[in-house]
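Chemist: One structure is given below, represented as structure tokens, and several questions about it will come after.
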Amino acid sequence: MATPPEVPSPPPAPHDRHVPRAEIEAGLREARAQFDAANEAINRKSGRNLPAAIGIGILLGGALIVSLIILKWLFIIFGAVLIGFTVWELTTAIRVAGRMTPRVVSVVVGVLAAPVAFFGAAPKELGGFDLSVEGLWLGTLGAIVIVSVWRLVELVMPSHRTGAKDVLLDIGAGVFVQIYITFMAGFYLALTASSGPHDGSVGGEYWTLASLIIVVATDTGAWGTGIWLGKHKLAPNISPGKTWEGFAGSIVVAMIAGALLAPLMLHVPVWIGLVMGLLLALVGTSGDLTESLIKRDLGIKDISSILPGHGGFLDRLDSILPSAAVAYAIYYVLGVAGLR
């Protein structure tokens with residue numbers, strides 16, 4: 001008996017061909033949901049949008065390295081931009097709180113003080129060893145005078161007339177902005193302008209870079225250790241998120257960073273890096289708490305939200321601003337002692 005010819009199977013129904021794709025899409029949606037849930041948990045724990053924060057940090061870090069190492073004079077522009085945005089943020093917050101601090105003028109004089117601080121740091125020759133803050137003092141003093149006089153001139157306008165006490169408070173707020181931001185940030189400009197002696201020692205730009213790396217390491221160490229081990233609040237009435245465990249972690253990480261950078265980047269003994277790391281960690285934490293006090297006094301959570309995942313420029317520079325004076329002092333003292 002002949003075997004009947006094999007009949008080919010009918011092609012799958014159109015909806016059957018889409019089953020694997022539907023499964024893949026469902027799997028991708030589930031994976032995305034899990035990723036979003038994990039990311040949200042990290043954001044809640046860290047208090048920030050972590051991917052955005054990392055991206056902004058890499059962008060700013062890259063611009064910093066280019067301005068310091070590749071084309072040193074670009075650091076004037078980099079510093080001036082940061083000063084300008086930060087002054088704008090703080091004066092805006094102060095005005096929202098009720099003070100009539102001149103905003104545009106504060107930004108302009110703060111930006112103009114940057115090149116004065118940089119070029120005033122080496123009055124004899126830009127490539128010399130002279131380390132001076134004459135330009136920084138003059139630039140800041142000029143900024144303070146202009147902002148103060150401007151507020152007085154505004155009194156000719158009826159909309160800007162207030163009582164004598166309020167005028168003095170407005171002027172005081174403007175002076176505070178220039179000292180807190182322009183003057184403190186200017187120490188890094190003055191430090192960067194020094195190219196060091198011609199004996200193989202590295203110039204000020206490398207000390208600026210090393211100091212900033214240590215400050216970033218301080219923040220990273222505090223954040224990571226705080227998330228991992230943080231239980232005991234450091235200053236709950238000022239900054240509820242800070243813990244003693246995070247503070248201890250920040251010091252350890254900063255000292256490790258200093259110990260590595262001292263011989264590898266600065267060509268100085270390891271013990272100098274350890275001391276540098278300790279001092280910058282202490283000052284950086286104090287700067288962070290100081291900014292928290294300012295925000296608490298103004299009744300705001302973040303100075304601004306211009307930087308995704310970071311808040312505002314001042315929220316990122318709160319540790320850096322006071323560290324500038326300490327980095328400058330370390331460089332100066334070591335120079336006097338002949339250790340660099």
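Going by the structure tokens order, chains are called A, B, ..., each with residues numbered from 1, while ligands are numbered from 1 in the order shown.
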When you look at A:Leu68 with a cut-off of 12 Å (counting only C-alpha atoms), what residues show up, excluding the ones that are within fewer than 2 positions of it in the same chain? I need them as number ranges by chain.
Modeler: A: 61-66, 70-79, 188-189, 191-195, 203-210, 212
Chemist: Could those residues be written to a file, using N, CA and C atoms, as a tab-separated table (two decimals), in the first residue's frame?
Modeler:
chain	number	residue	atom	x	y	z
A	61	GLY	N	34.00	67.78	35.76
A	61	GLY	CA	35.36	67.32	36.00
A	61	GLY	C	36.21	67.39	34.75
A	62	GLY	N	35.63	67.01	33.61
A	62	GLY	CA	36.38	67.10	32.35
A	62	GLY	C	36.74	68.53	32.01
A	63	ALA	N	35.79	69.45	32.18
A	63	ALA	CA	36.08	70.86	31.92
A	63	ALA	C	37.16	71.39	32.85
A	64	LEU	N	37.13	70.95	34.11
A	64	LEU	CA	38.13	71.38	35.07
A	64	LEU	C	39.53	70.91	34.66
A	65	ILE	N	39.66	69.65	34.29
A	65	ILE	CA	40.97	69.12	33.91
A	65	ILE	C	41.52	69.84	32.68
A	66	VAL	N	40.66	70.07	31.71
A	66	VAL	CA	41.10	70.78	30.50
A	66	VAL	C	41.60	72.17	30.86
A	70	ILE	N	45.60	71.46	30.42
A	70	ILE	CA	45.87	71.66	28.98
A	70	ILE	C	46.09	73.13	28.65
A	71	LEU	N	45.12	73.98	28.99
A	71	LEU	CA	45.24	75.42	28.75
A	71	LEU	C	44.95	76.14	30.06
A	72	LYS	N	46.01	76.47	30.77
A	72	LYS	CA	45.87	76.97	32.14
A	72	LYS	C	45.02	78.24	32.23
A	73	TRP	N	45.13	79.11	31.24
A	73	TRP	CA	44.39	80.37	31.32
A	73	TRP	C	42.88	80.15	31.22
A	74	LEU	N	42.47	78.99	30.70
A	74	LEU	CA	41.05	78.69	30.64
A	74	LEU	C	40.43	78.56	32.02
A	75	PHE	N	41.26	78.33	33.03
A	75	PHE	CA	40.73	78.22	34.39
A	75	PHE	C	40.12	79.55	34.83
A	76	ILE	N	40.57	80.65	34.26
A	76	ILE	CA	39.95	81.95	34.56
A	76	ILE	C	38.49	81.92	34.13
A	77	ILE	N	38.24	81.41	32.91
A	77	ILE	CA	36.88	81.34	32.39
A	77	ILE	C	36.06	80.35	33.21
A	78	PHE	N	36.66	79.19	33.48
A	78	PHE	CA	35.96	78.16	34.26
A	78	PHE	C	35.58	78.71	35.63
A	79	GLY	N	36.53	79.34	36.31
A	79	GLY	CA	36.26	79.89	37.63
A	79	GLY	C	35.25	81.03	37.59
A	188	TYR	N	41.61	79.64	44.83
A	188	TYR	CA	42.01	78.64	43.85
A	188	TYR	C	42.56	79.29	42.58
A	189	LEU	N	42.02	80.45	42.22
A	189	LEU	CA	42.55	81.18	41.06
A	189	LEU	C	43.96	81.68	41.35
A	191	LEU	N	46.03	80.39	43.55
A	191	LEU	CA	46.89	79.22	43.66
A	191	LEU	C	47.26	78.69	42.28
A	192	THR	N	46.30	78.63	41.39
A	192	THR	CA	46.55	78.11	40.04
A	192	THR	C	47.54	78.99	39.28
A	193	ALA	N	47.52	80.28	39.52
A	193	ALA	CA	48.37	81.20	38.77
A	193	ALA	C	49.85	80.99	39.05
A	194	SER	N	50.18	80.41	40.20
A	194	SER	CA	51.59	80.17	40.52
A	194	SER	C	52.08	78.92	39.81
A	195	SER	N	53.16	79.05	39.05
A	195	SER	CA	53.70	77.89	38.33
A	195	SER	C	54.85	77.25	39.09
A	203	GLY	N	53.60	73.06	39.64
A	203	GLY	CA	53.00	74.37	39.83
A	203	GLY	C	51.68	74.33	40.58
A	204	GLY	N	51.15	75.52	40.80
A	204	GLY	CA	49.93	75.65	41.58
A	204	GLY	C	48.73	74.97	40.98
A	205	GLU	N	48.71	74.83	39.63
A	205	GLU	CA	47.54	74.20	39.02
A	205	GLU	C	47.37	72.75	39.47
A	206	TYR	N	48.49	72.05	39.71
A	206	TYR	CA	48.41	70.67	40.16
A	206	TYR	C	47.97	70.60	41.62
A	207	TRP	N	48.34	71.59	42.41
A	207	TRP	CA	47.87	71.65	43.79
A	207	TRP	C	46.38	71.95	43.83
A	208	THR	N	45.93	72.81	42.92
A	208	THR	CA	44.49	73.06	42.83
A	208	THR	C	43.74	71.78	42.46
A	209	LEU	N	44.25	71.08	41.45
A	209	LEU	CA	43.59	69.85	41.00
A	209	LEU	C	43.59	68.79	42.11
A	210	ALA	N	44.72	68.62	42.77
A	210	ALA	CA	44.80	67.63	43.85
A	210	ALA	C	43.85	67.98	44.98
A	212	LEU	N	41.06	69.70	44.82
A	212	LEU	CA	39.68	69.48	44.39
A	212	LEU	C	39.35	67.99	44.37
Chemist: Apply DSSP to the structure's backbone, then extract all residues of stretch 155-326 of chain A labelled alpha helix (DSSP H) and return them as a PyMOL selection string.
Modeler: chain A and resi 164-177+184-193+204-229+244-261+270-298+313-317+320-326
Chemist: A:Ser106: which residues within 8 Å, counting only C-alpha atoms, same-chain residues fewer than 6 positions away excluded, as a list in words?
Modeler: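 Non-adjacent residues within range: Val87, Trp88, Thr91, Ala143, Val147, Gly174 and Gln178 of chain A.
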Chemist: Would you pick out the contacts of A:Ala185 at 7 Å or less, using only C-alpha atoms, so that residues sharing its chain but fewer than 3 positions from it are not included, and give the list as number ranges by chain?
Modeler: A: 181-182, 188, 321, 324
Chemist: For atom CA of A:Arg151 and atom CA of A:Asp170, determine how far apart the two atoms are, in Å to one decimal place.
Modeler: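 Result for atom CA of A:Arg151 versus atom CA of A:Asp170: 7.6 Å, one decimal.
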Chemist: I need the residue nearest A:Arg103 from this list: A:Gly84, A:Phe119, A:Ser239, A:Arg316. Use only C-alpha atoms for the distance.
Modeler: A:Gly84
Chemist: Using only C-alpha atoms, pick whichever of A:Ser286, A:Ala80, A:Thr92, A:Val149 has the shortest atom-to-atom distance to A:Ala117.
Modeler: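 Answer, going by the shortest atom-to-atom distance: A:Ala80.
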Chemist: Quick one: distance from atom CA of A:Leu278 to atom CA of A:Met255 in Å, one decimal?
Modeler: 5.7 Å
